[in-house]
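File shown here: start.cif, holding mmCIF, C-alpha atoms.
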data_entry
loop_
_atom_site.label_atom_id
_atom_site.label_comp_id
_atom_site.auth_asym_id
_atom_site.auth_seq_id
_atom_site.Cartn_x
_atom_site.Cartn_y
_atom_site.Cartn_z
CA MET A 1 -82.56 -44.69 96.45
CA HIS A 2 -82.82 -41.06 97.55
CA LYS A 3 -83.06 -42.08 101.20
CA ARG A 4 -79.97 -44.27 100.93
CA VAL A 5 -78.03 -41.42 99.32
CA GLU A 6 -79.08 -38.94 102.01
CA GLU A 7 -78.14 -41.38 104.74
CA ALA A 8 -74.77 -41.92 103.08
CA VAL A 9 -74.16 -38.17 102.78
CA ALA A 10 -75.05 -37.66 106.44
CA ASP A 11 -72.67 -40.47 107.44
CA VAL A 12 -69.79 -39.10 105.35
CA TRP A 13 -70.27 -35.51 106.51
CA SER A 14 -70.38 -36.55 110.14
CA ARG A 15 -67.13 -38.44 109.68
CA LEU A 16 -65.53 -35.39 108.09
CA ASP A 17 -66.75 -33.18 110.95
CA ALA A 18 -65.64 -35.57 113.68
CA GLY A 19 -62.27 -36.57 112.33
CA PRO A 20 -59.07 -34.59 111.78
CA ASP A 21 -58.90 -32.16 108.89
CA ARG A 22 -57.06 -34.62 106.68
CA ALA A 23 -57.66 -32.67 103.46
CA VAL A 24 -56.06 -29.61 105.02
CA GLY A 25 -53.14 -31.64 106.32
CA LEU A 26 -52.70 -33.39 102.98
CA THR A 27 -52.63 -30.03 101.19
CA SER A 28 -49.79 -29.00 103.46
CA ASP A 29 -47.92 -32.27 102.88
CA LEU A 30 -48.33 -32.02 99.10
CA VAL A 31 -46.99 -28.47 99.04
CA ARG A 32 -43.90 -29.53 100.99
CA ILE A 33 -42.93 -31.77 98.05
CA PRO A 34 -41.85 -29.35 95.31
CA SER A 35 -43.19 -30.48 91.94
CA VAL A 36 -42.24 -27.67 89.58
CA ASN A 37 -42.96 -28.54 85.96
CA PRO A 38 -39.57 -29.40 84.42
CA LYS A 39 -40.52 -27.73 81.17
CA PHE A 40 -40.20 -24.41 82.98
CA GLN A 41 -37.31 -25.07 85.33
CA VAL A 42 -34.90 -27.98 85.55
CA GLU A 43 -34.08 -28.21 89.25
CA PRO A 44 -33.99 -31.87 90.35
CA GLU A 45 -34.74 -30.99 93.96
CA GLU A 46 -37.86 -29.07 92.89
CA GLY A 47 -39.24 -31.44 90.24
CA LEU A 48 -40.47 -34.20 92.53
CA GLU A 49 -43.67 -35.18 90.73
CA ARG A 50 -43.10 -38.89 91.33
CA GLN A 51 -42.85 -38.33 95.10
CA VAL A 52 -46.14 -36.44 95.04
CA GLN A 53 -47.86 -39.34 93.28
CA GLU A 54 -46.35 -41.76 95.78
CA LEU A 55 -47.78 -39.71 98.64
CA ILE A 56 -51.26 -39.73 97.07
CA ALA A 57 -51.06 -43.48 96.46
CA GLY A 58 -50.07 -43.97 100.08
CA GLU A 59 -53.02 -41.90 101.29
CA LEU A 60 -55.41 -44.12 99.35
CA SER A 61 -53.78 -47.45 100.15
CA GLY A 62 -56.01 -49.70 102.17
CA CYS A 63 -59.17 -48.22 100.61
CA GLY A 64 -59.70 -51.12 98.23
CA LEU A 65 -58.97 -49.07 95.14
CA ASP A 66 -57.23 -50.13 91.98
CA ILE A 67 -54.20 -47.79 92.05
CA ARG A 68 -51.64 -47.64 89.28
CA THR A 69 -49.24 -45.19 87.69
CA PHE A 70 -47.94 -44.80 84.17
CA ASP A 71 -45.66 -42.28 82.54
CA ALA A 72 -47.56 -39.58 80.67
CA LEU A 73 -44.21 -38.13 79.63
CA PRO A 74 -40.77 -39.69 80.17
CA GLY A 75 -40.14 -39.86 83.91
CA ARG A 76 -43.37 -38.02 84.72
CA PRO A 77 -46.08 -40.33 86.04
CA ASN A 78 -49.83 -40.00 86.10
CA LEU A 79 -51.72 -41.73 88.89
CA LEU A 80 -55.06 -43.48 88.39
CA ALA A 81 -57.13 -44.69 91.37
CA GLU A 82 -60.48 -46.34 90.65
CA THR A 83 -63.31 -47.95 92.54
CA GLU A 84 -64.50 -51.33 91.32
CA ALA A 85 -66.36 -51.53 88.02
CA SER A 86 -70.13 -51.41 88.25
CA GLY A 87 -73.16 -52.15 86.15
CA SER A 88 -73.94 -48.45 85.71
CA PRO A 89 -71.42 -46.93 83.28
CA GLU A 90 -73.67 -43.88 82.83
CA ARG A 91 -72.99 -43.08 86.50
CA GLY A 92 -69.21 -43.00 86.14
CA LEU A 93 -67.40 -39.92 87.42
CA ILE A 94 -63.86 -38.55 87.10
CA LEU A 95 -62.18 -36.41 89.75
CA CYS A 96 -59.21 -34.70 88.15
CA GLY A 97 -56.37 -32.57 89.41
CA HIS A 98 -52.83 -31.76 88.34
CA ILE A 99 -49.82 -32.01 90.61
CA ASP A 100 -47.31 -29.94 88.64
CA VAL A 101 -46.77 -26.33 89.71
CA VAL A 102 -45.12 -23.28 88.19
CA PRO A 103 -41.73 -22.01 89.41
CA VAL A 104 -41.64 -19.78 92.48
CA GLY A 105 -39.95 -16.90 90.65
CA ASP A 106 -38.03 -14.37 92.69
CA ARG A 107 -37.93 -15.76 96.22
CA ARG A 108 -37.34 -12.26 97.54
CA GLU A 109 -40.97 -11.51 96.69
CA TRP A 110 -42.17 -14.21 99.07
CA SER A 111 -42.81 -13.48 102.74
CA TYR A 112 -42.44 -17.18 103.60
CA ASP A 113 -40.72 -20.29 102.24
CA PRO A 114 -42.55 -21.14 98.98
CA PHE A 115 -42.64 -24.82 99.94
CA CYS A 116 -43.30 -24.46 103.66
CA GLY A 117 -46.88 -25.75 103.61
CA ASP A 118 -47.51 -23.89 106.86
CA ILE A 119 -51.04 -23.35 108.16
CA ARG A 120 -51.49 -19.82 109.51
CA GLU A 121 -54.55 -17.65 110.12
CA GLY A 122 -56.87 -19.96 108.21
CA LYS A 123 -54.60 -20.37 105.20
CA VAL A 124 -52.34 -23.09 103.84
CA LEU A 125 -49.26 -21.36 102.48
CA GLY A 126 -46.98 -22.16 99.57
CA ARG A 127 -46.54 -22.68 95.87
CA GLY A 128 -49.27 -24.88 94.45
CA THR A 129 -51.72 -24.52 97.33
CA MET A 130 -54.38 -22.78 95.26
CA ASP A 131 -53.19 -24.15 91.92
CA MET A 132 -54.01 -26.85 92.71
CA LYS A 133 -52.84 -29.15 95.46
CA ALA A 134 -55.69 -28.10 97.75
CA GLY A 135 -58.17 -29.29 95.13
CA MET A 136 -56.31 -32.56 94.75
CA ALA A 137 -56.35 -33.07 98.53
CA CYS A 138 -60.13 -32.51 98.56
CA CYS A 139 -60.59 -35.17 95.87
CA VAL A 140 -58.42 -37.68 97.74
CA GLU A 141 -60.19 -37.12 101.06
CA ALA A 142 -63.69 -37.21 99.53
CA LEU A 143 -62.96 -40.56 97.91
CA ARG A 144 -61.18 -41.93 100.96
CA VAL A 145 -63.94 -41.12 103.46
CA ILE A 146 -66.57 -42.80 101.26
CA ARG A 147 -64.47 -45.94 101.09
CA GLU A 148 -63.77 -45.90 104.82
CA ALA A 149 -67.51 -45.63 105.48
CA GLY A 150 -67.99 -48.87 103.55
CA ILE A 151 -70.38 -47.27 101.07
CA ARG A 152 -70.73 -49.14 97.78
CA LEU A 153 -71.44 -47.06 94.72
CA GLN A 154 -73.41 -47.93 91.63
CA GLY A 155 -71.13 -45.95 89.36
CA LYS A 156 -67.35 -46.05 89.17
CA VAL A 157 -65.26 -43.15 90.48
CA ALA A 158 -61.81 -42.54 89.04
CA LEU A 159 -59.24 -40.17 90.50
CA HIS A 160 -56.95 -38.75 87.81
CA SER A 161 -53.84 -37.21 89.35
CA VAL A 162 -52.04 -35.85 86.31
CA VAL A 163 -48.85 -34.02 85.38
CA ASP A 164 -48.10 -31.20 82.95
CA GLU A 165 -51.32 -29.19 83.03
CA GLU A 166 -49.26 -26.01 83.33
CA ALA A 167 -47.52 -26.72 80.03
CA GLY A 168 -50.30 -28.02 77.82
CA GLY A 169 -52.19 -30.74 79.67
CA PHE A 170 -50.27 -33.71 78.34
CA GLY A 171 -51.02 -35.69 81.50
CA ALA A 172 -54.77 -35.39 80.98
CA LYS A 173 -54.32 -36.09 77.28
CA ALA A 174 -52.55 -39.34 78.19
CA MET A 175 -55.49 -40.34 80.41
CA VAL A 176 -57.91 -39.67 77.56
CA ARG A 177 -55.78 -41.56 75.03
CA ALA A 178 -55.67 -44.54 77.38
CA GLY A 179 -59.47 -44.58 77.41
CA HIS A 180 -60.00 -43.56 81.02
CA LEU A 181 -63.27 -41.75 80.41
CA ALA A 182 -66.64 -41.28 82.07
CA PRO A 183 -69.84 -39.37 81.34
CA ALA A 184 -68.87 -36.49 83.66
CA ALA A 185 -65.87 -35.02 85.45
CA ILE A 186 -65.07 -32.55 88.19
CA ILE A 187 -61.84 -30.63 87.61
CA ALA A 188 -60.87 -29.50 91.12
CA GLU A 189 -59.15 -26.30 90.03
CA PRO A 190 -59.77 -23.31 92.34
CA GLY A 191 -63.28 -21.94 92.41
CA GLY A 192 -64.66 -21.43 95.90
CA ASP A 193 -68.16 -20.00 95.51
CA GLU A 194 -68.16 -20.51 91.75
CA ILE A 195 -68.69 -23.40 89.39
CA PHE A 196 -67.01 -22.91 86.04
CA ILE A 197 -69.07 -24.65 83.37
CA SER A 198 -67.37 -23.30 80.27
CA GLN A 199 -64.00 -22.13 79.06
CA GLY A 200 -62.70 -20.92 75.76
CA GLY A 201 -60.31 -22.84 73.59
CA LEU A 202 -56.64 -21.97 73.31
CA GLU A 203 -54.33 -22.19 70.34
CA TRP A 204 -50.63 -21.42 70.19
CA LEU A 205 -49.56 -20.53 66.68
CA ARG A 206 -46.58 -19.12 64.85
CA VAL A 207 -46.64 -16.62 62.00
CA THR A 208 -43.51 -16.47 59.85
CA ILE A 209 -43.00 -13.51 57.51
CA ARG A 210 -40.22 -13.69 54.91
CA GLY A 211 -38.48 -10.71 53.32
CA ARG A 212 -35.24 -10.28 51.38
CA GLN A 213 -31.95 -9.67 53.15
CA GLY A 214 -29.66 -6.79 52.27
CA HIS A 215 -27.46 -3.97 53.53
CA SER A 216 -29.30 -1.60 55.85
CA ALA A 217 -28.15 1.40 53.77
CA TYR A 218 -30.39 0.16 50.94
CA ARG A 219 -33.54 -0.50 52.98
CA PHE A 220 -35.23 2.55 51.45
CA THR A 221 -34.90 1.09 47.96
CA GLY A 222 -37.32 -1.67 48.86
CA MET A 223 -39.84 0.85 50.18
CA TYR A 224 -39.99 3.62 47.57
CA PRO A 225 -39.76 3.70 43.77
CA GLN A 226 -36.27 4.63 42.62
CA PRO A 227 -35.57 6.75 39.50
CA TYR A 228 -32.10 5.31 39.31
CA GLN A 229 -31.06 1.74 40.07
CA GLU A 230 -27.48 0.68 40.44
CA ASN A 231 -26.39 -2.48 38.72
CA ARG A 232 -27.07 -4.73 41.65
CA LYS A 233 -29.47 -7.37 42.90
CA ALA A 234 -33.10 -6.68 43.71
CA PRO A 235 -33.67 -4.27 46.62
CA PRO A 236 -34.00 -5.68 50.15
CA ILE A 237 -37.45 -6.23 51.63
CA SER A 238 -37.60 -5.67 55.38
CA ALA A 239 -39.47 -8.39 57.29
CA ALA A 240 -39.54 -5.96 60.22
CA ASP A 241 -41.55 -3.43 58.23
CA MET A 242 -43.98 -6.09 57.08
CA ALA A 243 -44.32 -7.45 60.62
CA THR A 244 -45.19 -3.96 61.84
CA ARG A 245 -47.99 -3.69 59.31
CA PHE A 246 -49.17 -7.20 60.07
CA LEU A 247 -49.37 -6.56 63.82
CA SER A 248 -51.43 -3.44 63.20
CA ALA A 249 -53.80 -5.40 60.97
CA LEU A 250 -53.96 -8.18 63.56
CA ARG A 251 -55.13 -5.69 66.18
CA ASP A 252 -57.97 -4.58 63.89
CA TYR A 253 -58.89 -8.20 63.17
CA GLU A 254 -58.89 -8.94 66.90
CA ALA A 255 -61.19 -5.98 67.58
CA ALA A 256 -63.58 -7.03 64.82
CA ASN A 257 -63.83 -10.53 66.31
CA ALA A 258 -64.50 -9.10 69.76
CA ARG A 259 -67.35 -6.98 68.37
CA VAL A 260 -69.23 -9.79 66.66
CA LYS A 261 -68.60 -12.83 68.89
CA SER A 262 -69.86 -13.35 72.42
CA HIS A 263 -70.77 -16.03 74.94
CA PRO A 264 -73.01 -15.63 78.02
CA MET A 265 -70.36 -16.98 80.39
CA MET A 266 -67.37 -15.11 79.01
CA PRO A 267 -66.24 -11.48 79.24
CA PRO A 268 -66.16 -9.45 76.01
CA GLY A 269 -62.81 -9.51 74.31
CA ILE A 270 -61.63 -12.83 75.74
CA ASN A 271 -61.27 -14.06 72.16
CA HIS A 272 -58.00 -12.21 71.74
CA PHE A 273 -54.72 -12.69 69.90
CA GLY A 274 -51.98 -12.29 72.48
CA VAL A 275 -48.63 -11.64 70.81
CA GLY A 276 -46.16 -13.26 73.17
CA ALA A 277 -42.89 -13.21 71.24
CA VAL A 278 -41.62 -11.36 68.18
CA ARG A 279 -38.19 -12.28 66.82
CA ILE A 280 -36.78 -10.51 63.80
CA GLY A 281 -33.47 -11.04 62.10
CA ALA A 282 -31.54 -12.48 59.20
CA GLY A 283 -31.58 -16.07 58.03
CA LEU A 284 -34.13 -18.70 59.01
CA GLY A 285 -32.61 -21.40 61.21
CA ALA A 286 -33.57 -25.04 61.43
CA ASP A 287 -35.43 -24.24 64.65
CA GLY A 288 -37.76 -21.90 62.77
CA LEU A 289 -36.23 -18.76 64.29
CA PRO A 290 -33.97 -16.03 62.87
CA MET A 291 -30.28 -16.95 62.98
CA ILE A 292 -28.92 -13.41 63.41
CA MET A 293 -30.76 -11.01 65.72
CA THR A 294 -27.95 -8.72 66.88
CA ASN A 295 -26.89 -6.87 63.72
CA PRO A 296 -29.02 -3.83 62.77
CA GLY A 297 -26.75 -3.33 59.76
CA ILE A 298 -28.67 -6.08 57.96
CA VAL A 299 -32.14 -5.60 56.54
CA PRO A 300 -33.90 -8.55 58.20
CA ASP A 301 -35.50 -11.18 56.03
CA VAL A 302 -37.33 -13.13 58.76
CA ALA A 303 -39.97 -12.12 61.30
CA VAL A 304 -41.37 -14.82 63.58
CA ILE A 305 -44.43 -13.97 65.69
CA ASP A 306 -45.73 -16.39 68.34
CA ILE A 307 -49.36 -15.90 69.33
CA ASP A 308 -51.60 -17.09 72.16
CA HIS A 309 -55.14 -17.15 70.74
CA LYS A 310 -58.17 -17.72 72.94
CA PHE A 311 -61.55 -18.35 71.38
CA MET A 312 -65.13 -18.75 72.56
CA PRO A 313 -66.51 -21.94 74.18
CA HIS A 314 -69.02 -22.51 71.38
CA GLU A 315 -66.45 -22.16 68.57
CA THR A 316 -64.46 -24.98 67.02
CA SER A 317 -60.76 -25.11 66.34
CA ALA A 318 -61.42 -25.86 62.67
CA ASP A 319 -63.55 -22.74 62.26
CA ILE A 320 -61.21 -20.33 64.03
CA ARG A 321 -58.20 -21.67 62.16
CA ALA A 322 -59.92 -21.31 58.81
CA ASP A 323 -61.05 -17.77 59.63
CA PHE A 324 -57.57 -16.68 60.74
CA GLU A 325 -55.99 -18.13 57.62
CA ARG A 326 -58.48 -16.19 55.49
CA PHE A 327 -57.45 -13.01 57.32
CA VAL A 328 -53.78 -13.76 56.63
CA ALA A 329 -54.49 -14.49 52.96
CA HIS A 330 -56.39 -11.21 52.59
CA PHE A 331 -53.55 -9.32 54.26
CA CYS A 332 -51.03 -10.87 51.87
CA ALA A 333 -53.20 -9.95 48.91
CA THR A 334 -52.67 -6.26 49.70
CA ASP A 335 -48.89 -6.43 49.16
CA PRO A 336 -47.12 -7.39 45.90
CA TRP A 337 -44.24 -9.09 47.74
CA LEU A 338 -46.51 -11.09 50.04
CA ARG A 339 -48.68 -12.20 47.15
CA GLU A 340 -45.61 -14.00 45.81
CA ASN A 341 -44.16 -14.88 49.23
CA PRO A 342 -47.18 -15.51 51.47
CA ILE A 343 -47.03 -15.55 55.26
CA GLU A 344 -46.76 -19.00 56.80
CA VAL A 345 -49.00 -20.04 59.71
CA LYS A 346 -48.04 -22.95 61.96
CA TRP A 347 -50.65 -24.31 64.36
CA ASP A 348 -50.13 -26.48 67.46
CA LEU A 349 -46.99 -24.56 68.37
CA TYR A 350 -45.08 -26.61 70.94
CA ASP A 351 -47.96 -29.11 70.59
CA LEU A 352 -50.12 -26.85 72.74
CA HIS A 353 -53.83 -26.92 72.03
CA PHE A 354 -56.77 -26.71 74.42
CA PRO A 355 -60.20 -27.42 72.93
CA PRO A 356 -63.13 -25.42 74.33
CA MET A 357 -65.37 -26.64 77.15
CA ASN A 358 -69.07 -25.78 77.14
CA THR A 359 -71.09 -27.77 79.69
CA SER A 360 -74.75 -26.80 79.99
CA ALA A 361 -75.92 -24.90 83.06
CA ASP A 362 -78.73 -27.47 83.27
CA HIS A 363 -76.39 -30.46 83.44
CA PRO A 364 -77.27 -32.69 86.42
CA LEU A 365 -73.77 -32.45 87.86
CA VAL A 366 -74.03 -28.65 87.96
CA ARG A 367 -77.31 -28.91 89.85
CA ILE A 368 -75.86 -31.50 92.25
CA VAL A 369 -72.92 -29.32 93.27
CA THR A 370 -75.09 -26.21 93.48
CA ASP A 371 -77.70 -27.95 95.65
CA ARG A 372 -75.16 -29.49 98.01
CA ARG A 373 -73.49 -26.14 98.51
CA ALA A 374 -76.89 -24.58 99.18
CA SER A 375 -77.55 -27.19 101.87
CA LEU A 376 -74.39 -25.95 103.58
CA GLY A 377 -75.58 -22.36 103.33
CA LYS A 378 -73.16 -21.52 100.53
CA PRO A 379 -74.27 -19.51 97.48
CA THR A 380 -72.95 -20.53 94.10
CA ALA A 381 -72.41 -18.56 90.90
CA LEU A 382 -72.02 -20.14 87.47
CA ARG A 383 -69.09 -18.73 85.54
CA GLY A 384 -67.00 -19.15 82.45
CA SER A 385 -63.30 -19.72 83.03
CA ILE A 386 -60.92 -17.17 81.57
CA GLY A 387 -57.98 -19.54 81.94
CA VAL A 388 -57.86 -23.00 80.41
CA THR A 389 -57.82 -26.24 82.38
CA ASP A 390 -57.59 -29.95 81.74
CA GLY A 391 -61.37 -29.97 81.38
CA ALA A 392 -60.73 -29.15 77.73
CA HIS A 393 -59.12 -32.50 77.01
CA TYR A 394 -61.97 -34.43 78.58
CA ALA A 395 -64.65 -32.32 76.88
CA VAL A 396 -63.30 -33.01 73.42
CA ALA A 397 -63.52 -36.75 74.22
CA GLY A 398 -67.23 -36.49 75.03
CA VAL A 399 -67.00 -36.06 78.81
CA HIS A 400 -69.09 -33.31 80.46
CA PRO A 401 -66.68 -31.54 82.83
CA ILE A 402 -67.19 -28.79 85.38
CA ARG A 403 -64.53 -26.93 87.35
CA TYR A 404 -65.09 -26.73 91.10
CA GLY A 405 -62.53 -26.51 93.90
CA PRO A 406 -61.45 -24.51 96.95
CA PHE A 407 -60.40 -20.91 96.69
CA GLY A 408 -57.29 -18.99 97.63
CA ALA A 409 -55.12 -16.33 96.07
CA ASN A 410 -51.91 -15.55 94.20
CA GLN A 411 -51.74 -18.52 91.89
CA HIS A 412 -48.64 -18.21 89.71
CA ALA A 413 -47.50 -15.35 91.97
CA ALA A 414 -45.62 -14.85 95.22
CA ASP A 415 -47.28 -15.72 98.54
CA GLU A 416 -49.76 -18.21 97.12
CA TRP A 417 -52.27 -19.65 99.61
CA ALA A 418 -55.47 -21.70 99.90
CA ASP A 419 -58.31 -21.12 102.34
CA VAL A 420 -58.72 -23.75 105.08
CA GLU A 421 -62.50 -23.43 105.44
CA SER A 422 -62.93 -23.61 101.69
CA ILE A 423 -60.92 -26.84 101.61
CA LYS A 424 -63.25 -28.34 104.23
CA THR A 425 -66.39 -27.21 102.40
CA THR A 426 -65.13 -28.43 99.04
CA THR A 427 -64.31 -31.87 100.46
CA LYS A 428 -67.87 -32.20 101.79
CA VAL A 429 -69.41 -31.07 98.51
CA LEU A 430 -67.23 -33.40 96.44
CA ALA A 431 -68.07 -36.37 98.66
CA ALA A 432 -71.79 -35.62 98.38
CA ALA A 433 -71.51 -35.09 94.62
CA ILE A 434 -69.90 -38.52 94.25
CA LEU A 435 -72.77 -40.13 96.14
CA ASP A 436 -75.44 -38.16 94.27
CA TRP A 437 -74.00 -38.81 90.83
CA CYS A 438 -72.83 -42.38 91.23
CA GLY A 439 -75.67 -43.58 93.44
CA VAL A 440 -75.51 -45.90 96.44
CA ALA A 441 -75.75 -49.63 95.79
#
What does the file become when written as structure tokens?
Amino acid sequence: MHKRVEEAVADVWSRLDAGPDRAVGLTSDLVRIPSVNPKFQVEPEEGLERQVQELIAGELSGCGLDIRTFDALPGRPNLLAETEASGSPERGLILCGHIDVVPVGDRREWSYDPFCGDIREGKVLGRGTMDMKAGMACCVEALRVIREAGIRLQGKVALHSVVDEEAGGFGAKAMVRAGHLAPAAIIAEPGGDEIFISQGGLEWLRVTIRGRQGHSAYRFTGMYPQPYQENRKAPPISAADMATRFLSALRDYEAANARVKSHPMMPPGINHFGVGAVRIGAGLGADGLPMIMTNPGIVPDVAVIDIDHKFMPHETSADIRADFERFVAHFCATDPWLRENPIEVKWDLYDLHFPPMNTSADHPLVRIVTDRRASLGKPTALRGSIGVTDGAHYAVAGVHPIRYGPFGANQHAADEWADVESIKTTTKVLAAAILDWCGVA
């Protein structure tokens, strides 16, 4: 078996060395089709996800794969390309990448056309090169060259080309719901000389604090005891004042968590509570937000705080939710008004939730990728990912994912690029990893 695998790897690598740099060229072609996630920007000429999937399907046509698409979200297709089923389900492997990209932002910050796909000075240029069309191109080429070499695998390989990773991973979630699973997966997000084996979980949540509306001239009456009360309704209670105190307490709670929780692959303090939006005003609308936010003459009765909370790879969503709700309950217990009108916590804000990923450093797939890189003279470091990826949605379904892909720079920023040599190396390593993990029939 080992001899057959080594012969297959040598054959595939020689083909990659002798032939044109198709992974590099495919990266360029993919970038030239703008596929900005429509949740961020509705520009029909820049939201061409379907055309990207059609290009990938075309690249793999003639390889004897079962290729099909289905809508993960309305009008937004996932692509699934699989080798034939085998008698070794424990050797199944997923290659996953997302084809949606973030908007280009201010084009004046770019020194080239964001969707040019040009190859200059060892770099492929454009939005989505690093994040992550280069990784997708590596997956496609690795699978294609194995099929062209006529190598039969014992395990099944499935390419998952998914949408919407940038806005919650609903493409990967759709793959998981449809039952397209395997024992292990490689998420081809950028990495270069690193394999990311763990990542923290991510929760988006909303905290809603209710006060009592009133005229701004009487705000002080809700703050200090009054020796004389006019014959009027109860004093106003400012949601803004309570939100200020809550945010201060949240910072202390955040610091306490950072002091007592750690993970060997993660930097200290990654388990933070990032306050992303604070909206304060009068009247709670049907959308869960204040109705009036432009009149300082009203004591506000609503404060809505949206939070991005990252937690450690070894923690569970149930535990971190319960702990945060205990913190909120204790905070409310310190205030007479909040004891009677407790703060509301809403989880799964905008349906966004990334479970943690925590693959062992001793997992065979980690060793396979590390060893194949070493055979190419490339060192490899094991890391924890600060950002979240679609690996989360596979991990929670029992798959053991790792993140490994080519490197570049400026993802989500101007002048994004991916490194040509890294694309070539990654394609070789992915092809060898497929052969090592799946086995040669």
With all atoms listed in the file as the counted atoms, please give the residues lying no more than 12 Å from Phe170 in chain A, apart from itself and same-chain residues fewer than 6 positions off, as number ranges by chain.
A: 37, 39, 71-74, 76-78, 98, 100, 162-164, 176-177, 350-354, 389-390, 392-394
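Closest approach to Leu60 in chain A among A:Ile146, A:Met223, A:Ile94, A:Val24: A:Ile146, based on only C-alpha atoms.
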As AutoDock Vina command-line options: centre and edge lengths in Å, one decimal, of the axis-aligned box holding range 291-298 of chain A with 6 Å per side:
--center_x -28.8 --center_y -10.1 --center_z 62.4 --size_x 16.0 --size_y 25.6 --size_z 20.9
Extract, using all atoms listed in the file, all DNA, RNA and protein residues at most 12 Å from Cys138 in chain A, discarding same-chain residues fewer than 5 positions from it, and format them as a ChimeraX atom specification.
/A:16,21-28,30,56,95-97,129-130,132-133,143-145,159,186-190,404-407,418,420-431
Taking the file above as input, evaluate the PyMOL selection byres ((chain A and resi 45-55) around 6) and report the hits as a PyMOL selection string.
chain A and resi 34-36+43-44+56-58
Residues of the last selection are to be written out with C-alpha atoms, as an mmCIF file, in the coordinates of the input.
data_model
loop_
_atom_site.group_PDB
_atom_site.id
_atom_site.type_symbol
_atom_site.label_atom_id
_atom_site.label_comp_id
_atom_site.auth_asym_id
_atom_site.auth_seq_id
_atom_site.Cartn_x
_atom_site.Cartn_y
_atom_site.Cartn_z
ATOM 1 C CA PRO A 34 -41.850 -29.350 95.310
ATOM 2 C CA SER A 35 -43.190 -30.480 91.940
ATOM 3 C CA VAL A 36 -42.240 -27.670 89.580
ATOM 4 C CA GLU A 43 -34.080 -28.210 89.250
ATOM 5 C CA PRO A 44 -33.990 -31.870 90.350
ATOM 6 C CA ILE A 56 -51.260 -39.730 97.070
ATOM 7 C CA ALA A 57 -51.060 -43.480 96.460
ATOM 8 C CA GLY A 58 -50.070 -43.970 100.080
#
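Using all atoms listed in the file, the smallest distance between any of A:Thr208, A:Thr370, A:Asn257, A:Ser61 and Leu382 in chain A comes from A:Thr370.
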Run the PyMOL selection byres ((chain A and resi 373) around 10) against the file shown and list the residues it catches, as a PyMOL selection string.
chain A and resi 193+367-372+374-380+425-426+428-430+432-433
